[in-house]
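Enquirer: Just query_15.tsv, nothing more (TSV, N, CA and C atoms and all ligand atoms):
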```tsv
chain	number	residue	atom	x	y	z
A	1	MET	N	-12.12	4.08	6.66
A	1	MET	CA	-10.89	3.65	5.99
A	1	MET	C	-11.23	2.93	4.67
A	2	ALA	N	-10.41	3.20	3.67
A	2	ALA	CA	-10.67	2.59	2.36
A	2	ALA	C	-10.52	1.07	2.45
A	3	SER	N	-11.37	0.36	1.73
A	3	SER	CA	-11.27	-1.11	1.70
A	3	SER	C	-10.01	-1.50	0.92
A	4	ILE	N	-9.60	-2.73	1.14
A	4	ILE	CA	-8.42	-3.23	0.42
A	4	ILE	C	-8.67	-3.18	-1.10
A	5	PHE	N	-9.93	-3.35	-1.50
A	5	PHE	CA	-10.23	-3.32	-2.93
A	5	PHE	C	-10.20	-1.89	-3.46
A	6	SER	N	-10.60	-0.91	-2.64
A	6	SER	CA	-10.46	0.49	-3.09
A	6	SER	C	-8.99	0.83	-3.25
A	7	LYS	N	-8.15	0.29	-2.36
A	7	LYS	CA	-6.71	0.54	-2.48
A	7	LYS	C	-6.15	-0.08	-3.76
A	8	ILE	N	-6.72	-1.23	-4.14
A	8	ILE	CA	-6.32	-1.85	-5.40
A	8	ILE	C	-6.74	-0.97	-6.58
A	9	VAL	N	-7.98	-0.50	-6.54
A	9	VAL	CA	-8.47	0.37	-7.63
A	9	VAL	C	-7.59	1.61	-7.75
A	10	ASN	N	-7.20	2.16	-6.60
A	10	ASN	CA	-6.40	3.40	-6.61
A	10	ASN	C	-4.92	3.16	-6.88
A	11	GLY	N	-4.53	1.89	-7.01
A	11	GLY	CA	-3.13	1.58	-7.29
A	11	GLY	C	-2.23	1.63	-6.07
A	12	GLU	N	-2.83	1.76	-4.88
A	12	GLU	CA	-2.01	1.78	-3.65
A	12	GLU	C	-1.52	0.37	-3.31
A	13	ILE	N	-2.29	-0.63	-3.76
A	13	ILE	CA	-1.91	-2.03	-3.58
A	13	ILE	C	-1.90	-2.64	-4.98
A	14	PRO	N	-0.84	-3.39	-5.31
A	14	PRO	CA	-0.78	-3.95	-6.66
A	14	PRO	C	-1.82	-5.05	-6.88
A	15	SER	N	-2.20	-5.24	-8.12
A	15	SER	CA	-3.11	-6.34	-8.46
A	15	SER	C	-2.81	-6.78	-9.88
A	16	TYR	N	-3.35	-7.94	-10.21
A	16	TYR	CA	-3.25	-8.44	-11.57
A	16	TYR	C	-4.54	-8.05	-12.28
A	17	ARG	N	-4.53	-6.86	-12.88
A	17	ARG	CA	-5.74	-6.29	-13.47
A	17	ARG	C	-6.09	-6.97	-14.78
A	18	VAL	N	-7.36	-7.27	-14.96
A	18	VAL	CA	-7.78	-7.86	-16.23
A	18	VAL	C	-8.70	-6.93	-17.02
A	19	ALA	N	-9.39	-6.03	-16.36
A	19	ALA	CA	-10.29	-5.13	-17.08
A	19	ALA	C	-10.66	-3.95	-16.19
A	20	GLU	N	-11.00	-2.83	-16.85
A	20	GLU	CA	-11.38	-1.64	-16.09
A	20	GLU	C	-12.18	-0.72	-17.00
A	21	ASP	N	-13.17	-0.07	-16.42
A	21	ASP	CA	-13.76	1.09	-17.09
A	21	ASP	C	-14.00	2.16	-16.04
A	22	GLU	N	-14.81	3.12	-16.36
A	22	GLU	CA	-15.00	4.25	-15.45
A	22	GLU	C	-15.56	3.82	-14.09
A	23	LYS	N	-16.45	2.82	-14.10
A	23	LYS	CA	-17.16	2.45	-12.87
A	23	LYS	C	-16.76	1.11	-12.27
A	24	TYR	N	-16.09	0.27	-13.06
A	24	TYR	CA	-15.86	-1.11	-12.61
A	24	TYR	C	-14.40	-1.53	-12.82
A	25	PHE	N	-14.02	-2.57	-12.08
A	25	PHE	CA	-12.63	-3.03	-12.11
A	25	PHE	C	-12.64	-4.55	-11.94
A	26	ALA	N	-11.77	-5.23	-12.65
A	26	ALA	CA	-11.67	-6.69	-12.51
A	26	ALA	C	-10.20	-7.07	-12.38
A	27	PHE	N	-9.91	-7.99	-11.46
A	27	PHE	CA	-8.52	-8.39	-11.19
A	27	PHE	C	-8.52	-9.82	-10.68
A	28	LEU	N	-7.37	-10.48	-10.82
A	28	LEU	CA	-7.29	-11.88	-10.38
A	28	LEU	C	-7.37	-11.98	-8.87
A	29	ASP	N	-8.10	-12.99	-8.40
A	29	ASP	CA	-8.10	-13.30	-6.97
A	29	ASP	C	-6.69	-13.78	-6.60
A	30	ILE	N	-6.18	-13.25	-5.50
A	30	ILE	CA	-4.80	-13.57	-5.10
A	30	ILE	C	-4.67	-15.02	-4.59
A	31	ASN	N	-5.77	-15.61	-4.17
A	31	ASN	CA	-5.79	-17.01	-3.74
A	31	ASN	C	-6.81	-17.78	-4.58
A	32	PRO	N	-6.43	-18.06	-5.82
A	32	PRO	CA	-7.44	-18.56	-6.77
A	32	PRO	C	-7.83	-20.02	-6.55
A	33	LEU	N	-9.10	-20.29	-6.83
A	33	LEU	CA	-9.59	-21.67	-6.85
A	33	LEU	C	-9.24	-22.33	-8.18
A	34	ALA	N	-9.05	-21.53	-9.19
A	34	ALA	CA	-8.73	-22.03	-10.53
A	34	ALA	C	-7.95	-20.96	-11.26
A	35	GLU	N	-7.21	-21.36	-12.28
A	35	GLU	CA	-6.54	-20.36	-13.11
A	35	GLU	C	-7.61	-19.46	-13.72
A	36	GLY	N	-7.42	-18.18	-13.61
A	36	GLY	CA	-8.38	-17.24	-14.18
A	36	GLY	C	-9.46	-16.79	-13.20
A	37	HIS	N	-9.40	-17.27	-11.96
A	37	HIS	CA	-10.36	-16.84	-10.92
A	37	HIS	C	-10.23	-15.32	-10.76
A	38	THR	N	-11.31	-14.64	-11.07
A	38	THR	CA	-11.29	-13.17	-11.15
A	38	THR	C	-12.35	-12.58	-10.24
A	39	LEU	N	-12.04	-11.42	-9.69
A	39	LEU	CA	-13.01	-10.66	-8.90
A	39	LEU	C	-13.43	-9.43	-9.69
A	40	VAL	N	-14.71	-9.18	-9.73
A	40	VAL	CA	-15.25	-8.02	-10.44
A	40	VAL	C	-15.93	-7.12	-9.42
A	41	ILE	N	-15.54	-5.86	-9.41
A	41	ILE	CA	-16.04	-4.95	-8.36
A	41	ILE	C	-16.51	-3.62	-8.96
A	42	PRO	N	-17.43	-2.97	-8.26
A	42	PRO	CA	-17.69	-1.57	-8.59
A	42	PRO	C	-16.61	-0.73	-7.93
A	43	LYS	N	-16.21	0.36	-8.58
A	43	LYS	CA	-15.23	1.23	-7.93
A	43	LYS	C	-15.84	1.91	-6.71
A	44	GLN	N	-17.13	2.15	-6.78
A	44	GLN	CA	-17.84	2.70	-5.62
A	44	GLN	C	-17.77	1.69	-4.48
A	45	GLU	N	-17.40	2.19	-3.31
A	45	GLU	CA	-17.20	1.27	-2.18
A	45	GLU	C	-18.49	1.07	-1.39
A	46	VAL	N	-19.13	-0.05	-1.66
A	46	VAL	CA	-20.33	-0.46	-0.92
A	46	VAL	C	-20.05	-1.87	-0.46
A	47	ASP	N	-20.31	-2.18	0.79
A	47	ASP	CA	-19.97	-3.49	1.35
A	47	ASP	C	-20.77	-4.61	0.68
A	48	TYR	N	-22.08	-4.50	0.75
A	48	TYR	CA	-22.95	-5.63	0.40
A	48	TYR	C	-23.51	-5.48	-1.01
A	49	LEU	N	-23.28	-6.49	-1.82
A	49	LEU	CA	-23.68	-6.43	-3.24
A	49	LEU	C	-25.12	-5.94	-3.41
A	50	PHE	N	-26.01	-6.47	-2.59
A	50	PHE	CA	-27.43	-6.15	-2.79
A	50	PHE	C	-27.83	-4.82	-2.16
A	51	ASN	N	-26.85	-4.09	-1.65
A	51	ASN	CA	-27.10	-2.70	-1.26
A	51	ASN	C	-26.66	-1.71	-2.34
A	52	LEU	N	-26.09	-2.23	-3.44
A	52	LEU	CA	-25.76	-1.33	-4.55
A	52	LEU	C	-27.04	-0.76	-5.14
A	53	ASP	N	-26.97	0.46	-5.65
A	53	ASP	CA	-28.15	0.98	-6.34
A	53	ASP	C	-28.36	0.17	-7.62
A	54	GLN	N	-29.57	0.21	-8.13
A	54	GLN	CA	-29.94	-0.67	-9.24
A	54	GLN	C	-29.07	-0.47	-10.47
A	55	GLU	N	-28.76	0.78	-10.77
A	55	GLU	CA	-27.97	1.05	-11.97
A	55	GLU	C	-26.56	0.47	-11.83
A	56	THR	N	-25.96	0.66	-10.64
A	56	THR	CA	-24.60	0.15	-10.43
A	56	THR	C	-24.57	-1.37	-10.44
A	57	LEU	N	-25.59	-1.98	-9.81
A	57	LEU	CA	-25.63	-3.45	-9.76
A	57	LEU	C	-25.83	-4.03	-11.16
A	58	SER	N	-26.75	-3.48	-11.92
A	58	SER	CA	-26.98	-4.04	-13.25
A	58	SER	C	-25.76	-3.80	-14.14
A	59	GLY	N	-25.12	-2.64	-13.99
A	59	GLY	CA	-23.90	-2.38	-14.76
A	59	GLY	C	-22.78	-3.33	-14.37
A	60	LEU	N	-22.71	-3.67	-13.10
A	60	LEU	CA	-21.68	-4.61	-12.63
A	60	LEU	C	-21.88	-5.99	-13.28
A	61	VAL	N	-23.13	-6.42	-13.35
A	61	VAL	CA	-23.40	-7.73	-13.94
A	61	VAL	C	-23.05	-7.72	-15.43
A	62	LEU	N	-23.36	-6.64	-16.12
A	62	LEU	CA	-23.03	-6.56	-17.54
A	62	LEU	C	-21.51	-6.49	-17.75
A	63	PHE	N	-20.83	-5.80	-16.86
A	63	PHE	CA	-19.36	-5.75	-16.93
A	63	PHE	C	-18.80	-7.16	-16.67
A	64	ALA	N	-19.36	-7.85	-15.68
A	64	ALA	CA	-18.91	-9.22	-15.35
A	64	ALA	C	-19.13	-10.15	-16.54
A	65	GLN	N	-20.20	-9.94	-17.28
A	65	GLN	CA	-20.44	-10.78	-18.46
A	65	GLN	C	-19.30	-10.62	-19.46
A	66	ARG	N	-18.88	-9.40	-19.69
A	66	ARG	CA	-17.79	-9.16	-20.64
A	66	ARG	C	-16.48	-9.77	-20.14
A	67	VAL	N	-16.26	-9.68	-18.84
A	67	VAL	CA	-15.04	-10.28	-18.26
A	67	VAL	C	-15.11	-11.81	-18.39
A	68	ALA	N	-16.29	-12.37	-18.10
A	68	ALA	CA	-16.44	-13.84	-18.18
A	68	ALA	C	-16.17	-14.33	-19.61
A	69	LYS	N	-16.66	-13.59	-20.59
A	69	LYS	CA	-16.42	-13.98	-21.99
A	69	LYS	C	-14.91	-13.97	-22.30
A	70	ALA	N	-14.22	-12.98	-21.77
A	70	ALA	CA	-12.77	-12.92	-21.99
A	70	ALA	C	-12.08	-14.10	-21.29
A	71	ILE	N	-12.49	-14.40	-20.06
A	71	ILE	CA	-11.86	-15.52	-19.33
A	71	ILE	C	-12.07	-16.83	-20.10
A	72	GLU	N	-13.32	-17.08	-20.50
A	72	GLU	CA	-13.60	-18.38	-21.12
A	72	GLU	C	-12.95	-18.51	-22.49
A	73	SER	N	-12.54	-17.41	-23.06
A	73	SER	CA	-11.86	-17.50	-24.35
A	73	SER	C	-10.38	-17.89	-24.20
A	74	VAL	N	-9.85	-17.80	-22.99
A	74	VAL	CA	-8.43	-18.15	-22.82
A	74	VAL	C	-8.20	-19.28	-21.80
A	75	ILE	N	-9.17	-19.57	-20.96
A	75	ILE	CA	-9.01	-20.64	-19.97
A	75	ILE	C	-9.96	-21.78	-20.34
A	76	PRO	N	-9.41	-22.97	-20.67
A	76	PRO	CA	-10.30	-24.07	-21.02
A	76	PRO	C	-11.18	-24.45	-19.82
A	77	CYS	N	-12.49	-24.47	-20.02
A	77	CYS	CA	-13.42	-24.81	-18.93
A	77	CYS	C	-14.80	-25.01	-19.53
A	78	LYS	N	-15.68	-25.64	-18.74
A	78	LYS	CA	-17.04	-25.84	-19.24
A	78	LYS	C	-17.86	-24.56	-19.12
A	79	ARG	N	-17.63	-23.85	-18.03
A	79	ARG	CA	-18.42	-22.65	-17.73
A	79	ARG	C	-17.59	-21.71	-16.86
A	80	ILE	N	-18.07	-20.48	-16.80
A	80	ILE	CA	-17.55	-19.59	-15.76
A	80	ILE	C	-18.58	-19.62	-14.62
A	81	GLY	N	-18.17	-20.18	-13.50
A	81	GLY	CA	-19.04	-20.20	-12.33
A	81	GLY	C	-19.04	-18.82	-11.67
A	82	VAL	N	-20.15	-18.52	-11.04
A	82	VAL	CA	-20.32	-17.20	-10.40
A	82	VAL	C	-20.62	-17.41	-8.92
A	83	ALA	N	-19.92	-16.68	-8.07
A	83	ALA	CA	-20.18	-16.78	-6.64
A	83	ALA	C	-20.12	-15.40	-6.01
A	84	VAL	N	-20.96	-15.21	-5.02
A	84	VAL	CA	-20.92	-13.99	-4.23
A	84	VAL	C	-20.90	-14.40	-2.77
A	85	LEU	N	-19.83	-14.02	-2.06
A	85	LEU	CA	-19.73	-14.34	-0.63
A	85	LEU	C	-19.62	-13.04	0.15
A	86	GLY	N	-18.49	-12.38	0.00
A	86	GLY	CA	-18.33	-11.10	0.67
A	86	GLY	C	-18.13	-11.21	2.17
A	87	LEU	N	-17.71	-12.40	2.61
A	87	LEU	CA	-17.53	-12.59	4.05
A	87	LEU	C	-16.17	-12.08	4.54
A	88	GLU	N	-15.24	-11.91	3.60
A	88	GLU	CA	-13.88	-11.53	3.98
A	88	GLU	C	-13.61	-10.05	3.71
A	89	VAL	N	-13.99	-9.59	2.53
A	89	VAL	CA	-13.67	-8.21	2.15
A	89	VAL	C	-14.98	-7.41	2.02
A	90	PRO	N	-15.12	-6.33	2.81
A	90	PRO	CA	-16.37	-5.56	2.82
A	90	PRO	C	-16.45	-4.55	1.68
A	91	HIS	N	-16.32	-5.05	0.47
A	91	HIS	CA	-16.44	-4.23	-0.74
A	91	HIS	C	-17.05	-5.16	-1.78
A	92	ALA	N	-18.25	-4.85	-2.21
A	92	ALA	CA	-19.02	-5.76	-3.07
A	92	ALA	C	-18.16	-6.33	-4.21
A	93	HIS	N	-18.27	-7.62	-4.43
A	93	HIS	CA	-17.52	-8.25	-5.52
A	93	HIS	C	-18.18	-9.54	-5.96
A	94	ILE	N	-17.97	-9.85	-7.22
A	94	ILE	CA	-18.46	-11.09	-7.82
A	94	ILE	C	-17.25	-11.94	-8.18
A	95	HIS	N	-17.25	-13.20	-7.72
A	95	HIS	CA	-16.20	-14.13	-8.12
A	95	HIS	C	-16.59	-14.75	-9.47
A	96	LEU	N	-15.67	-14.75	-10.42
A	96	LEU	CA	-15.84	-15.48	-11.68
A	96	LEU	C	-14.79	-16.58	-11.70
A	97	ILE	N	-15.26	-17.83	-11.73
A	97	ILE	CA	-14.35	-18.96	-11.56
A	97	ILE	C	-14.54	-19.98	-12.69
A	98	PRO	N	-13.49	-20.22	-13.49
A	98	PRO	CA	-13.61	-21.26	-14.51
A	98	PRO	C	-13.85	-22.62	-13.84
A	99	ILE	N	-14.87	-23.33	-14.29
A	99	ILE	CA	-15.20	-24.62	-13.66
A	99	ILE	C	-15.47	-25.69	-14.71
A	100	ASN	N	-15.21	-26.92	-14.28
A	100	ASN	CA	-15.57	-28.09	-15.08
A	100	ASN	C	-16.53	-28.99	-14.32
A	101	SER	N	-16.56	-28.84	-13.01
A	101	SER	CA	-17.49	-29.62	-12.20
A	101	SER	C	-17.85	-28.81	-10.96
A	102	GLU	N	-18.88	-29.28	-10.28
A	102	GLU	CA	-19.40	-28.58	-9.11
A	102	GLU	C	-18.31	-28.38	-8.06
A	103	SER	N	-17.45	-29.38	-7.92
A	103	SER	CA	-16.44	-29.32	-6.85
A	103	SER	C	-15.39	-28.24	-7.11
A	104	ASP	N	-15.31	-27.74	-8.34
A	104	ASP	CA	-14.31	-26.71	-8.65
A	104	ASP	C	-14.62	-25.37	-7.97
A	105	ILE	N	-15.81	-25.23	-7.43
A	105	ILE	CA	-16.19	-23.94	-6.84
A	105	ILE	C	-16.37	-24.06	-5.32
A	106	ASP	N	-15.67	-25.04	-4.76
A	106	ASP	CA	-15.71	-25.27	-3.30
A	106	ASP	C	-14.65	-24.39	-2.63
A	107	PHE	N	-15.10	-23.40	-1.88
A	107	PHE	CA	-14.17	-22.44	-1.26
A	107	PHE	C	-13.37	-23.05	-0.12
A	108	HIS	N	-13.69	-24.28	0.28
A	108	HIS	CA	-12.88	-24.95	1.30
A	108	HIS	C	-11.66	-25.64	0.69
A	109	LYS	N	-11.66	-25.75	-0.63
A	109	LYS	CA	-10.54	-26.43	-1.29
A	109	LYS	C	-9.25	-25.66	-1.10
A	110	PRO	N	-8.10	-26.36	-1.06
A	110	PRO	CA	-6.83	-25.63	-1.03
A	110	PRO	C	-6.72	-24.76	-2.28
A	111	LYS	N	-6.19	-23.55	-2.11
A	111	LYS	CA	-6.10	-22.63	-3.24
A	111	LYS	C	-4.89	-22.98	-4.11
A	112	LEU	N	-4.94	-22.56	-5.36
A	112	LEU	CA	-3.82	-22.82	-6.27
A	112	LEU	C	-2.61	-22.00	-5.83
A	113	LYS	N	-1.46	-22.57	-6.04
A	113	LYS	CA	-0.23	-21.81	-5.77
A	113	LYS	C	0.33	-21.38	-7.12
A	114	LEU	N	0.11	-20.12	-7.47
A	114	LEU	CA	0.63	-19.59	-8.73
A	114	LEU	C	1.64	-18.50	-8.41
A	115	ASN	N	2.74	-18.50	-9.14
A	115	ASN	CA	3.74	-17.46	-8.86
A	115	ASN	C	3.38	-16.17	-9.60
A	116	PRO	N	4.04	-15.07	-9.26
A	116	PRO	CA	3.69	-13.78	-9.87
A	116	PRO	C	3.75	-13.79	-11.40
A	117	GLU	N	4.73	-14.50	-11.94
A	117	GLU	CA	4.85	-14.55	-13.41
A	117	GLU	C	3.62	-15.25	-14.01
A	118	GLN	N	3.20	-16.32	-13.38
A	118	GLN	CA	2.03	-17.05	-13.88
A	118	GLN	C	0.78	-16.18	-13.79
A	119	LEU	N	0.60	-15.52	-12.65
A	119	LEU	CA	-0.58	-14.66	-12.48
A	119	LEU	C	-0.56	-13.52	-13.49
A	120	ASP	N	0.60	-12.94	-13.68
A	120	ASP	CA	0.72	-11.84	-14.63
A	120	ASP	C	0.37	-12.32	-16.05
A	121	ALA	N	0.86	-13.49	-16.42
A	121	ALA	CA	0.59	-14.01	-17.77
A	121	ALA	C	-0.90	-14.28	-17.95
A	122	ILE	N	-1.54	-14.84	-16.94
A	122	ILE	CA	-2.99	-15.13	-17.04
A	122	ILE	C	-3.77	-13.81	-17.17
A	123	ALA	N	-3.43	-12.85	-16.32
A	123	ALA	CA	-4.15	-11.56	-16.35
A	123	ALA	C	-4.00	-10.90	-17.72
A	124	GLN	N	-2.79	-10.95	-18.25
A	124	GLN	CA	-2.57	-10.30	-19.55
A	124	GLN	C	-3.34	-11.00	-20.67
A	125	LYS	N	-3.38	-12.34	-20.60
A	125	LYS	CA	-4.11	-13.09	-21.63
A	125	LYS	C	-5.59	-12.72	-21.61
A	126	ILE	N	-6.15	-12.66	-20.40
A	126	ILE	CA	-7.57	-12.31	-20.28
A	126	ILE	C	-7.78	-10.86	-20.75
A	127	ALA	N	-6.88	-9.98	-20.32
A	127	ALA	CA	-7.03	-8.56	-20.64
A	127	ALA	C	-7.07	-8.33	-22.15
A	128	THR	N	-6.27	-9.10	-22.88
A	128	THR	CA	-6.23	-8.88	-24.34
A	128	THR	C	-7.53	-9.29	-25.01
A	129	LYS	N	-8.31	-10.15	-24.35
A	129	LYS	CA	-9.58	-10.62	-24.94
A	129	LYS	C	-10.78	-9.83	-24.46
A	130	PHE	N	-10.56	-8.93	-23.53
A	130	PHE	CA	-11.68	-8.14	-22.98
A	130	PHE	C	-12.17	-7.15	-24.02
A	131	GLU	N	-13.48	-7.20	-24.28
A	131	GLU	CA	-14.05	-6.27	-25.27
A	131	GLU	C	-15.13	-5.43	-24.63
B	1	LIG	P1	-15.08	-12.99	0.12
B	1	LIG	O1	-15.13	-11.59	0.70
B	1	LIG	O2	-15.82	-13.10	-1.18
B	1	LIG	O3	-15.49	-14.02	1.12
B	1	LIG	O4	-13.54	-13.31	-0.21
B	1	LIG	C1	-12.66	-12.31	-0.64
B	1	LIG	C2	-11.79	-12.83	-1.77
B	1	LIG	O5	-10.86	-11.81	-2.05
B	1	LIG	C3	-10.99	-14.09	-1.44
B	1	LIG	O6	-11.18	-15.05	-2.47
B	1	LIG	C4	-9.53	-13.60	-1.36
B	1	LIG	O7	-8.61	-14.53	-1.87
B	1	LIG	C5	-9.56	-12.34	-2.20
B	1	LIG	N1	-8.63	-11.34	-1.72
B	1	LIG	C6	-8.49	-10.89	-0.43
B	1	LIG	N2	-7.56	-9.94	-0.36
B	1	LIG	C7	-7.08	-9.77	-1.62
B	1	LIG	C8	-6.10	-8.91	-2.17
B	1	LIG	O8	-5.44	-8.10	-1.50
B	1	LIG	N3	-5.88	-9.02	-3.51
B	1	LIG	C9	-6.58	-9.88	-4.29
B	1	LIG	N4	-6.29	-9.90	-5.60
B	1	LIG	N5	-7.52	-10.71	-3.81
B	1	LIG	C10	-7.77	-10.65	-2.47
```
If you convert what's in this file into structure tokens, what do you get?

Expert:
Amino acid sequence: MASIFSKIVNGEIPSYRVAEDEKYFAFLDINPLAEGHTLVIPKQEVDYLFNLDQETLSGLVLFAQRVAKAIESVIPCKRIGVAVLGLEVPHAHIHLIPINSESDIDFHKPKLKLNPEQLDAIAQKIATKFE
């Protein structure tokens, strides 16, 4: 069965898309730790990040770099923090999270409550800066 992220890539499930190319896709995390919290995935469905073939993994990191640059240009923050967990969704993904301190990347923290209009506006702002 297709992963929830493959369904997002295929448009079967809606998402707040921020960037896409032939092999990769980036969209806002639905339960964000911070405004601009984005997930970057390969379209190829592989569960574990470190089981990706070398070309796909290195391409994913380079794609994530471009997404991170776009996020940091519109979301005030010290850095874009990077996390890989993969404990919930079995489709490799990298979390990109705007942070100002270590505690901003604590996954036990209550998630932000953003409404669809807010999420849409954030995604669009990031998307316009993606190069
Ligand atoms: P992980 O697999 O890295 O432990 O966590 C999966 C992440 O994906 C979580 O941060 C969760 O909020 C996010 N997530 C789970 N389902 C969906 C979904 O349907 N849409 C979006 N945009 N994010 C999701």

Enquirer: Near Ala68 (chain A), counting all atoms listed in the file, which residues have an atom at most 7 Å away, once you skip same-chain residues fewer than 4 positions from it, shown as a list in words?

Expert: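 What passes the distance filter is Phe63, Ala64, Glu72, Ser73, Ile80 and Leu96 of chain A.
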
Enquirer: Extract the full set of strand (DSSP E or B) residues from chain A according to DSSP on the backbone, and format it as a ChimeraX atom specification.

Expert: /A:17-20,24-28,38-42,79-83,94-99

Enquirer: Which residues, written as a ChimeraX atom specification, have at least one atom at most 8 Å from Ser6 (chain A), with only C-alpha atoms counted and residues fewer than 2 positions away on the same chain left out?

Expert: /A:2-4,8-10,43,45,91

Enquirer: Check which residues of chain A sit at most 6.5 Å from ligand LIG 1 (chain B) using all atoms listed in the file, and return one row each with the closest pair of atoms and their distance in Å to one decimal, ordered by chain and rising number, as JSON lines.

Expert:
```
{"residue": "A:Ile4", "atom": "C", "partner": "B:LIG1", "partner_atom": "O8", "distance": 5.9}
{"residue": "A:Ser15", "atom": "CA", "partner": "B:LIG1", "partner_atom": "N4", "distance": 5.6}
{"residue": "A:Tyr16", "atom": "N", "partner": "B:LIG1", "partner_atom": "N4", "distance": 5.8}
{"residue": "A:Phe27", "atom": "C", "partner": "B:LIG1", "partner_atom": "N4", "distance": 5.5}
{"residue": "A:Leu28", "atom": "C", "partner": "B:LIG1", "partner_atom": "N4", "distance": 4.0}
{"residue": "A:Asp29", "atom": "C", "partner": "B:LIG1", "partner_atom": "N4", "distance": 4.0}
{"residue": "A:Ile30", "atom": "N", "partner": "B:LIG1", "partner_atom": "N5", "distance": 3.3}
{"residue": "A:Asn31", "atom": "N", "partner": "B:LIG1", "partner_atom": "O7", "distance": 3.8}
{"residue": "A:Pro32", "atom": "N", "partner": "B:LIG1", "partner_atom": "O7", "distance": 5.7}
{"residue": "A:Val84", "atom": "C", "partner": "B:LIG1", "partner_atom": "O2", "distance": 5.5}
{"residue": "A:Leu85", "atom": "C", "partner": "B:LIG1", "partner_atom": "O2", "distance": 4.0}
{"residue": "A:Gly86", "atom": "N", "partner": "B:LIG1", "partner_atom": "O2", "distance": 3.0}
{"residue": "A:Leu87", "atom": "N", "partner": "B:LIG1", "partner_atom": "O3", "distance": 3.1}
{"residue": "A:Glu88", "atom": "N", "partner": "B:LIG1", "partner_atom": "O1", "distance": 2.9}
{"residue": "A:Val89", "atom": "N", "partner": "B:LIG1", "partner_atom": "O1", "distance": 2.9}
{"residue": "A:Pro90", "atom": "N", "partner": "B:LIG1", "partner_atom": "O1", "distance": 5.7}
{"residue": "A:His93", "atom": "C", "partner": "B:LIG1", "partner_atom": "O2", "distance": 6.4}
```

Enquirer: Have a look at CA of Ala121 (chain A) and CA of Pro98 (chain A) and let me know their distance in Å, one decimal.

Expert: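 Straight-line distance from CA of Ala121 (chain A) to CA of Pro98 (chain A) works out to 16.3 Å.
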
Enquirer: Between CA of Ala83 (chain A) and CA of Gly11 (chain A), what is the distance, to one decimal in Å?

Expert: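 Going from CA of Ala83 (chain A) over to CA of Gly11 (chain A) covers 25.1 Å.
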
Enquirer: One number please: CA of Tyr24 (chain A) to atom N of Pro42 (chain A), in Å, one decimal.

Expert: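 We find that CA of Tyr24 (chain A) and atom N of Pro42 (chain A) lie 5.0 Å from each other.
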
Enquirer: List as a VMD selection string the protein and nucleic acid residues near region 99-109 of chain A, meaning an atom at most 7 Å away when only N, CA and C atoms are counted, but skip any in the same chain fewer than 3 places from it.

Expert: chain A and resid 33 to 34 76 to 81 112

Enquirer: Kindly indicate which residue among A:Thr56, A:Arg66, A:His37, A:Phe130 lies nearest to Lys111 (chain A), using only C-alpha atoms for the distances.

Expert: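 So, comparing all the options, the nearest one is A:His37.
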
Enquirer: A:Ala92, A:Phe5, A:Gln124, A:Arg17: which is nearest Val46 (chain A), counting only C-alpha atoms?

Expert: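 Among the listed residues, the smallest separation from Val46 (chain A) belongs to A:Ala92.
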
Enquirer: Going by DSSP on the backbone, which bits of chain A are helix (DSSP H, G or I)? Write them as a VMD selection string, please.

Expert: chain A and resid 4 to 9 49 to 51 54 to 74 102 to 105 116 to 129

Enquirer: Please report, as AutoDock Vina command-line options, the centre and edge lengths in Å to one decimal of an axis-aligned box covering all listed atoms of region 56-73 of chain A with 6 Å per side.

Expert:
```
--center_x -18.7 --center_y -8.9 --center_z -17.1 --size_x 28.6 --size_y 31.2 --size_z 26.6
```
